[in-house]
Amino acid sequence: MDYLKEASWLKENIDCVRAVDATFFEYGETPKAIGLFKEAHIKGAVFYDIDTVTNPAEDYYHMMPTEEVFDKYMRSRGFSIDDTFVLYDNSSRFTASCRAFWVFKSMGIKKVYVLQGGLDAWKAVQGEIETGDEKAYKKSEFKSTYDDSAYARLEDVKKAMADSTVIVDTRKDERFFGDVQEPRPAKRLGHIPGAKCIIIPDVASKGYFKSVDEIKKVFEAKGVNLDKDEIIFSCGSAMTAPVVYFAALLAGANPSSLRVYDRSWQEWGNTDGCPVEGRPVA
């Protein structure tokens, strides 16, 4: 299925799609992302703030939003559930647009895509750039329908350890093996026992996803069968996990077999009784 759009396609269809800038750097750096949006954004784009469109009852950073919070944001931008959305990053990473994709899909939006190459790709095809604040939109009656089938909880991960479900951890080696402290401090370091480590540079480079064949080979090399395996993707705070989740979709995995562990190491590394593995002893 087509989940990725090229900038040339967007340029041809810009007047009938809704462009969404989901740029994110780190927690608390929303002003930096908004500043970049004001400097340059795709024609008609709006800004999606992962830090505020969240679940206020959660103890963890930027979690899956409630329907109430998500709908409030979508209504304020005049969105319809039937709109076509193209999500993008104004950075060399896909973390924000892919996380937003996962959220939008979970909220029942059917026509949502990620822009290959982000804002740089748009500029490369000489797409129209706007500056300043978002345009004002007439509020809509947007109503989401949340589906948690792509959402994994701690209990799901524990169950996965006992069956054939594959856990893919998308943190870099030094965090995967517990050699360094987490950006969001954890009591215990390392990874979920049995997890496979697949990181963003394995599936994407300089803001562009690799080819389907290249992505398939990455998963195969790690012993992951995209045609058969149930997979749970984890990381530190579910920012990089959705990127590798998205890559699996591009490579043809069945969406119903893929889930993202939203609380990820924020929860697992700080919950007593959750087993942890570190670097193998030589």
# chains A, B, ... in the order shown; residues from 1 in each chain; ligands from 1
>>> closest_atom_pairs(of="stretch 137-238 of chain A", to="stretch 33-53 of chain A", cutoff="12 Å", atoms="only C-alpha atoms", output="JSON lines")
{"residue": "A:Tyr137", "atom": "CA", "partner": "A:Val46", "partner_atom": "CA", "distance": 10.1}
{"residue": "A:Ser237", "atom": "CA", "partner": "A:Asp51", "partner_atom": "CA", "distance": 11.8}
{"residue": "A:Ala238", "atom": "CA", "partner": "A:Ile50", "partner_atom": "CA", "distance": 11.4}
>>> residues_around(residues="stretch 166-183 of chain A", least_positions_apart="4", cutoff="6 Å", atoms="only C-alpha atoms", output="count of residues only")
16
>>> select_by_dssp(residues="stretch 120-196 of chain A", states="strand (DSSP E or B)", output="ChimeraX atom specification")
/A:129-130,151-152,166-169,191,196
>>> atom_distance(atom1="atom CA of A:Gly118", atom2="atom CA of A:Phe85")
13.7 Å
>>> residues_around(residues="stretch 260-265 of chain A", least_positions_apart="2", cutoff="8 Å", atoms="only C-alpha atoms", output="ChimeraX atom specification")
/A:60,63-64,150-154,157,186,232-238,241-242,245,258,267-270
>>> residues_around(residues="stretch 202-207 of chain A", least_positions_apart="6", cutoff="9 Å", atoms="only C-alpha atoms", output="PyMOL selection string")
chain A and resi 89+91-94+116-118+120-121+214-215+218+243-244+247
>>> write_last_selection(atoms="all heavy atoms", output="short mmCIF file (atom, residue, chain, number, x, y, z; two decimals), in the first residue's frame")
data_model
loop_
_atom_site.label_atom_id
_atom_site.label_comp_id
_atom_site.auth_asym_id
_atom_site.auth_seq_id
_atom_site.Cartn_x
_atom_site.Cartn_y
_atom_site.Cartn_z
N ASP A 89 8.36 16.58 8.03
CA ASP A 89 9.31 17.12 9.00
C ASP A 89 10.13 18.22 8.35
O ASP A 89 10.49 18.12 7.17
CB ASP A 89 10.29 16.03 9.47
CG ASP A 89 9.69 15.06 10.46
OD1 ASP A 89 9.06 14.08 10.02
OD2 ASP A 89 9.86 15.28 11.66
N SER A 91 13.24 18.70 9.10
CA SER A 91 14.51 18.23 9.67
C SER A 91 14.92 17.01 8.86
O SER A 91 14.19 16.56 7.99
CB SER A 91 14.35 17.85 11.15
OG SER A 91 13.61 16.66 11.28
N SER A 92 16.08 16.46 9.17
CA SER A 92 16.57 15.30 8.42
C SER A 92 16.05 13.99 9.00
O SER A 92 16.41 12.91 8.56
CB SER A 92 18.11 15.28 8.43
OG SER A 92 18.59 15.17 9.76
N ARG A 93 15.18 14.09 10.02
CA ARG A 93 14.63 12.89 10.66
C ARG A 93 13.15 12.74 10.31
O ARG A 93 12.46 13.71 10.03
CB ARG A 93 14.79 12.98 12.18
CG ARG A 93 16.22 13.21 12.63
CD ARG A 93 16.35 13.12 14.14
NE ARG A 93 15.53 14.10 14.83
CZ ARG A 93 15.39 14.13 16.16
NH1 ARG A 93 16.01 13.23 16.90
NH2 ARG A 93 14.65 15.05 16.73
N PHE A 94 12.67 11.51 10.34
CA PHE A 94 11.26 11.24 10.08
C PHE A 94 10.48 11.05 11.37
O PHE A 94 9.32 10.69 11.34
CB PHE A 94 11.12 9.94 9.28
CG PHE A 94 11.33 10.09 7.81
CD1 PHE A 94 12.47 9.58 7.21
CD2 PHE A 94 10.39 10.70 7.01
CE1 PHE A 94 12.66 9.68 5.84
CE2 PHE A 94 10.56 10.82 5.64
CZ PHE A 94 11.70 10.30 5.05
N GLN A 116 8.13 12.05 1.54
CA GLN A 116 9.50 11.60 1.36
C GLN A 116 10.43 12.81 1.24
O GLN A 116 10.23 13.68 0.39
CB GLN A 116 9.59 10.74 0.08
CG GLN A 116 10.97 10.28 -0.32
CD GLN A 116 11.47 9.07 0.45
OE1 GLN A 116 11.53 9.11 1.67
NE2 GLN A 116 11.82 8.01 -0.26
N GLY A 117 11.41 12.90 2.13
CA GLY A 117 12.37 13.99 2.06
C GLY A 117 11.98 15.25 2.80
O GLY A 117 12.77 16.19 2.90
N GLY A 118 10.75 15.31 3.32
CA GLY A 118 10.31 16.45 4.11
C GLY A 118 10.35 17.78 3.38
O GLY A 118 10.23 17.85 2.15
N ASP A 120 12.75 19.80 2.76
CA ASP A 120 13.85 19.95 1.80
C ASP A 120 13.46 19.43 0.42
O ASP A 120 13.82 20.03 -0.60
CB ASP A 120 15.10 19.22 2.29
CG ASP A 120 15.79 19.95 3.43
OD1 ASP A 120 15.49 21.14 3.64
OD2 ASP A 120 16.62 19.33 4.12
N ALA A 121 12.72 18.33 0.39
CA ALA A 121 12.28 17.77 -0.89
C ALA A 121 11.30 18.72 -1.58
O ALA A 121 11.31 18.87 -2.80
CB ALA A 121 11.65 16.40 -0.68
N GLU A 214 15.72 -2.81 0.09
CA GLU A 214 16.74 -2.56 1.11
C GLU A 214 16.15 -2.71 2.50
O GLU A 214 16.79 -3.28 3.40
CB GLU A 214 17.31 -1.15 0.92
CG GLU A 214 18.22 -0.99 -0.28
CD GLU A 214 18.68 0.44 -0.48
OE1 GLU A 214 17.81 1.34 -0.57
OE2 GLU A 214 19.90 0.67 -0.55
N ILE A 215 14.94 -2.21 2.70
CA ILE A 215 14.29 -2.31 4.01
C ILE A 215 14.01 -3.77 4.35
O ILE A 215 14.25 -4.23 5.47
CB ILE A 215 12.99 -1.48 4.04
CG1 ILE A 215 13.33 0.01 3.93
CG2 ILE A 215 12.20 -1.76 5.32
CD1 ILE A 215 12.12 0.90 3.73
N VAL A 218 17.07 -5.50 5.61
CA VAL A 218 17.43 -5.11 6.98
C VAL A 218 16.69 -5.99 7.98
O VAL A 218 17.27 -6.54 8.92
CB VAL A 218 17.10 -3.62 7.23
CG1 VAL A 218 17.18 -3.30 8.73
CG2 VAL A 218 18.06 -2.73 6.46
N VAL A 243 9.10 5.30 13.21
CA VAL A 243 9.81 5.39 11.93
C VAL A 243 10.07 3.99 11.38
O VAL A 243 9.84 3.71 10.19
CB VAL A 243 11.14 6.16 12.08
CG1 VAL A 243 11.84 6.28 10.73
CG2 VAL A 243 10.90 7.54 12.68
N VAL A 244 10.55 3.11 12.23
CA VAL A 244 10.84 1.74 11.78
C VAL A 244 9.53 0.98 11.57
O VAL A 244 9.44 0.13 10.67
CB VAL A 244 11.77 1.04 12.78
CG1 VAL A 244 12.16 -0.35 12.28
CG2 VAL A 244 13.05 1.86 12.99
N ALA A 247 8.54 2.02 8.19
CA ALA A 247 9.37 1.33 7.19
C ALA A 247 8.86 -0.08 6.95
O ALA A 247 8.85 -0.58 5.82
CB ALA A 247 10.83 1.30 7.65
#
>>> atom_distance(atom1="atom CA of A:Ser97", atom2="atom CA of A:Ala22")
5.4 Å
>>> closest_residue(among="A:Ser149, A:Gln266, A:Asn55, A:Ser80", to="A:Trp102", atoms="only C-alpha atoms")
A:Ser149
>>> residues_around(residues="A:Trp9", least_positions_apart="2", cutoff="12 Å", atoms="only C-alpha atoms", output="list in words")
Leu4, Lys5, Glu6, Ala7, Lys11, Glu12, Asn13, Ile14, Asp15, Cys16, Val17, Val86, Tyr113, Val114, Leu115, Gln116, Ala121, Trp122, Val125 and Gly127 of chain A
>>> residues_around(residues="A:Lys228", least_positions_apart="6", cutoff="9 Å", atoms="only C-alpha atoms", output="list of chain:residue names")
A:Ala253, A:Asn254, A:Ser257
>>> write_last_selection(atoms="N, CA and C atoms", output="PDB file, in the first residue's frame")
ATOM      1  N   ALA A 253       4.577  -5.183   5.204  1.00  0.00           N
ATOM      2  CA  ALA A 253       4.032  -5.880   6.371  1.00  0.00           C
ATOM      3  C   ALA A 253       2.545  -5.587   6.523  1.00  0.00           C
ATOM      4  N   ASN A 254       1.815  -6.555   7.039  1.00  0.00           N
ATOM      5  CA  ASN A 254       0.389  -6.373   7.282  1.00  0.00           C
ATOM      6  C   ASN A 254       0.205  -5.403   8.441  1.00  0.00           C
ATOM      7  N   SER A 257      -0.426  -6.608  11.957  1.00  0.00           N
ATOM      8  CA  SER A 257       0.609  -7.372  12.671  1.00  0.00           C
ATOM      9  C   SER A 257       1.617  -6.465  13.364  1.00  0.00           C
TER      10      SER A 257
END
>>> closest_residue(among="A:Asp227, A:Asp21, A:Glu134, A:Asp147", to="A:Ser76", atoms="only C-alpha atoms")
A:Glu134
>>> decode(residues="stretch 79-95 of chain A", atoms="all heavy atoms", output="tab-separated table (two decimals), in the first residue's frame")
chain	number	residue	atom	x	y	z
A	79	PHE	N	-10.30	20.63	9.89
A	79	PHE	CA	-10.09	19.35	9.23
A	79	PHE	C	-11.36	18.50	9.19
A	79	PHE	O	-12.21	18.58	10.09
A	79	PHE	CB	-9.00	18.55	9.94
A	79	PHE	CG	-7.61	19.09	9.77
A	79	PHE	CD1	-6.64	18.87	10.74
A	79	PHE	CD2	-7.26	19.82	8.64
A	79	PHE	CE1	-5.35	19.36	10.59
A	79	PHE	CE2	-5.97	20.30	8.47
A	79	PHE	CZ	-5.02	20.08	9.46
A	80	SER	N	-11.41	17.65	8.18
A	80	SER	CA	-12.46	16.64	8.06
A	80	SER	C	-11.82	15.27	8.11
A	80	SER	O	-10.67	15.09	7.67
A	80	SER	CB	-13.21	16.82	6.73
A	80	SER	OG	-13.96	15.65	6.41
A	81	ILE	N	-12.55	14.29	8.61
A	81	ILE	CA	-12.04	12.92	8.67
A	81	ILE	C	-11.75	12.39	7.26
A	81	ILE	O	-10.95	11.46	7.09
A	81	ILE	CB	-13.04	11.99	9.40
A	81	ILE	CG1	-12.39	10.66	9.80
A	81	ILE	CG2	-14.28	11.77	8.55
A	81	ILE	CD1	-11.46	10.75	10.97
A	82	ASP	N	-12.38	13.00	6.25
A	82	ASP	CA	-12.21	12.53	4.87
A	82	ASP	C	-11.13	13.28	4.11
A	82	ASP	O	-10.87	12.99	2.94
A	82	ASP	CB	-13.54	12.66	4.11
A	82	ASP	CG	-14.63	11.77	4.70
A	82	ASP	OD1	-14.31	10.62	5.04
A	82	ASP	OD2	-15.77	12.24	4.82
A	83	ASP	N	-10.48	14.25	4.76
A	83	ASP	CA	-9.40	14.98	4.10
A	83	ASP	C	-8.22	14.06	3.79
A	83	ASP	O	-8.05	13.01	4.42
A	83	ASP	CB	-8.89	16.11	5.00
A	83	ASP	CG	-9.80	17.32	5.01
A	83	ASP	OD1	-10.62	17.45	4.08
A	83	ASP	OD2	-9.70	18.13	5.95
A	84	THR	N	-7.42	14.47	2.83
A	84	THR	CA	-6.15	13.80	2.53
A	84	THR	C	-5.04	14.58	3.20
A	84	THR	O	-4.87	15.78	2.96
A	84	THR	CB	-5.90	13.73	1.02
A	84	THR	OG1	-6.95	12.97	0.40
A	84	THR	CG2	-4.56	13.07	0.71
A	85	PHE	N	-4.27	13.90	4.06
A	85	PHE	CA	-3.22	14.56	4.82
A	85	PHE	C	-1.84	14.11	4.35
A	85	PHE	O	-1.61	12.92	4.13
A	85	PHE	CB	-3.36	14.23	6.31
A	85	PHE	CG	-4.63	14.75	6.94
A	85	PHE	CD1	-5.78	13.96	6.96
A	85	PHE	CD2	-4.67	16.02	7.48
A	85	PHE	CE1	-6.94	14.44	7.53
A	85	PHE	CE2	-5.84	16.51	8.05
A	85	PHE	CZ	-6.99	15.72	8.08
A	86	VAL	N	-0.92	15.07	4.23
A	86	VAL	CA	0.48	14.76	3.98
A	86	VAL	C	1.28	15.35	5.14
A	86	VAL	O	1.28	16.58	5.35
A	86	VAL	CB	0.97	15.32	2.64
A	86	VAL	CG1	2.47	15.06	2.48
A	86	VAL	CG2	0.21	14.67	1.48
A	87	LEU	N	1.93	14.50	5.90
A	87	LEU	CA	2.69	14.90	7.08
A	87	LEU	C	4.17	15.02	6.73
A	87	LEU	O	4.69	14.20	5.97
A	87	LEU	CB	2.50	13.87	8.19
A	87	LEU	CG	1.06	13.42	8.47
A	87	LEU	CD1	1.05	12.30	9.49
A	87	LEU	CD2	0.21	14.59	8.94
A	88	TYR	N	4.82	16.02	7.29
A	88	TYR	CA	6.24	16.17	6.96
A	88	TYR	C	7.03	16.73	8.14
A	88	TYR	O	6.48	17.26	9.09
A	88	TYR	CB	6.41	17.06	5.73
A	88	TYR	CG	6.15	18.54	5.94
A	88	TYR	CD1	7.17	19.42	6.27
A	88	TYR	CD2	4.86	19.07	5.79
A	88	TYR	CE1	6.94	20.78	6.44
A	88	TYR	CE2	4.62	20.42	5.96
A	88	TYR	CZ	5.65	21.27	6.30
A	88	TYR	OH	5.42	22.62	6.47
A	89	ASP	N	8.36	16.58	8.03
A	89	ASP	CA	9.31	17.12	9.00
A	89	ASP	C	10.13	18.22	8.35
A	89	ASP	O	10.49	18.12	7.17
A	89	ASP	CB	10.29	16.03	9.47
A	89	ASP	CG	9.69	15.06	10.46
A	89	ASP	OD1	9.06	14.08	10.02
A	89	ASP	OD2	9.86	15.28	11.66
A	90	ASN	N	10.46	19.22	9.12
A	90	ASN	CA	11.43	20.22	8.69
A	90	ASN	C	12.75	19.90	9.38
A	90	ASN	O	13.29	20.67	10.16
A	90	ASN	CB	10.96	21.62	9.05
A	90	ASN	CG	11.90	22.71	8.53
A	90	ASN	OD1	12.89	22.42	7.88
A	90	ASN	ND2	11.58	23.95	8.83
A	91	SER	N	13.24	18.70	9.10
A	91	SER	CA	14.51	18.23	9.67
A	91	SER	C	14.92	17.01	8.86
A	91	SER	O	14.19	16.56	7.99
A	91	SER	CB	14.35	17.85	11.15
A	91	SER	OG	13.61	16.66	11.28
A	92	SER	N	16.08	16.46	9.17
A	92	SER	CA	16.57	15.30	8.42
A	92	SER	C	16.05	13.99	9.00
A	92	SER	O	16.41	12.91	8.56
A	92	SER	CB	18.11	15.28	8.43
A	92	SER	OG	18.59	15.17	9.76
A	93	ARG	N	15.18	14.09	10.02
A	93	ARG	CA	14.63	12.89	10.66
A	93	ARG	C	13.15	12.74	10.31
A	93	ARG	O	12.46	13.71	10.03
A	93	ARG	CB	14.79	12.98	12.18
A	93	ARG	CG	16.22	13.21	12.63
A	93	ARG	CD	16.35	13.12	14.14
A	93	ARG	NE	15.53	14.10	14.83
A	93	ARG	CZ	15.39	14.13	16.16
A	93	ARG	NH1	16.01	13.23	16.90
A	93	ARG	NH2	14.65	15.05	16.73
A	94	PHE	N	12.67	11.51	10.34
A	94	PHE	CA	11.26	11.24	10.08
A	94	PHE	C	10.48	11.05	11.37
A	94	PHE	O	9.32	10.69	11.34
A	94	PHE	CB	11.12	9.94	9.28
A	94	PHE	CG	11.33	10.09	7.81
A	94	PHE	CD1	12.47	9.58	7.21
A	94	PHE	CD2	10.39	10.70	7.01
A	94	PHE	CE1	12.66	9.68	5.84
A	94	PHE	CE2	10.56	10.82	5.64
A	94	PHE	CZ	11.70	10.30	5.05
A	95	THR	N	11.11	11.28	12.50
A	95	THR	CA	10.50	10.87	13.76
A	95	THR	C	9.11	11.46	13.97
A	95	THR	O	8.17	10.74	14.32
A	95	THR	CB	11.39	11.26	14.95
A	95	THR	OG1	11.73	12.65	14.84
A	95	THR	CG2	12.67	10.43	14.97
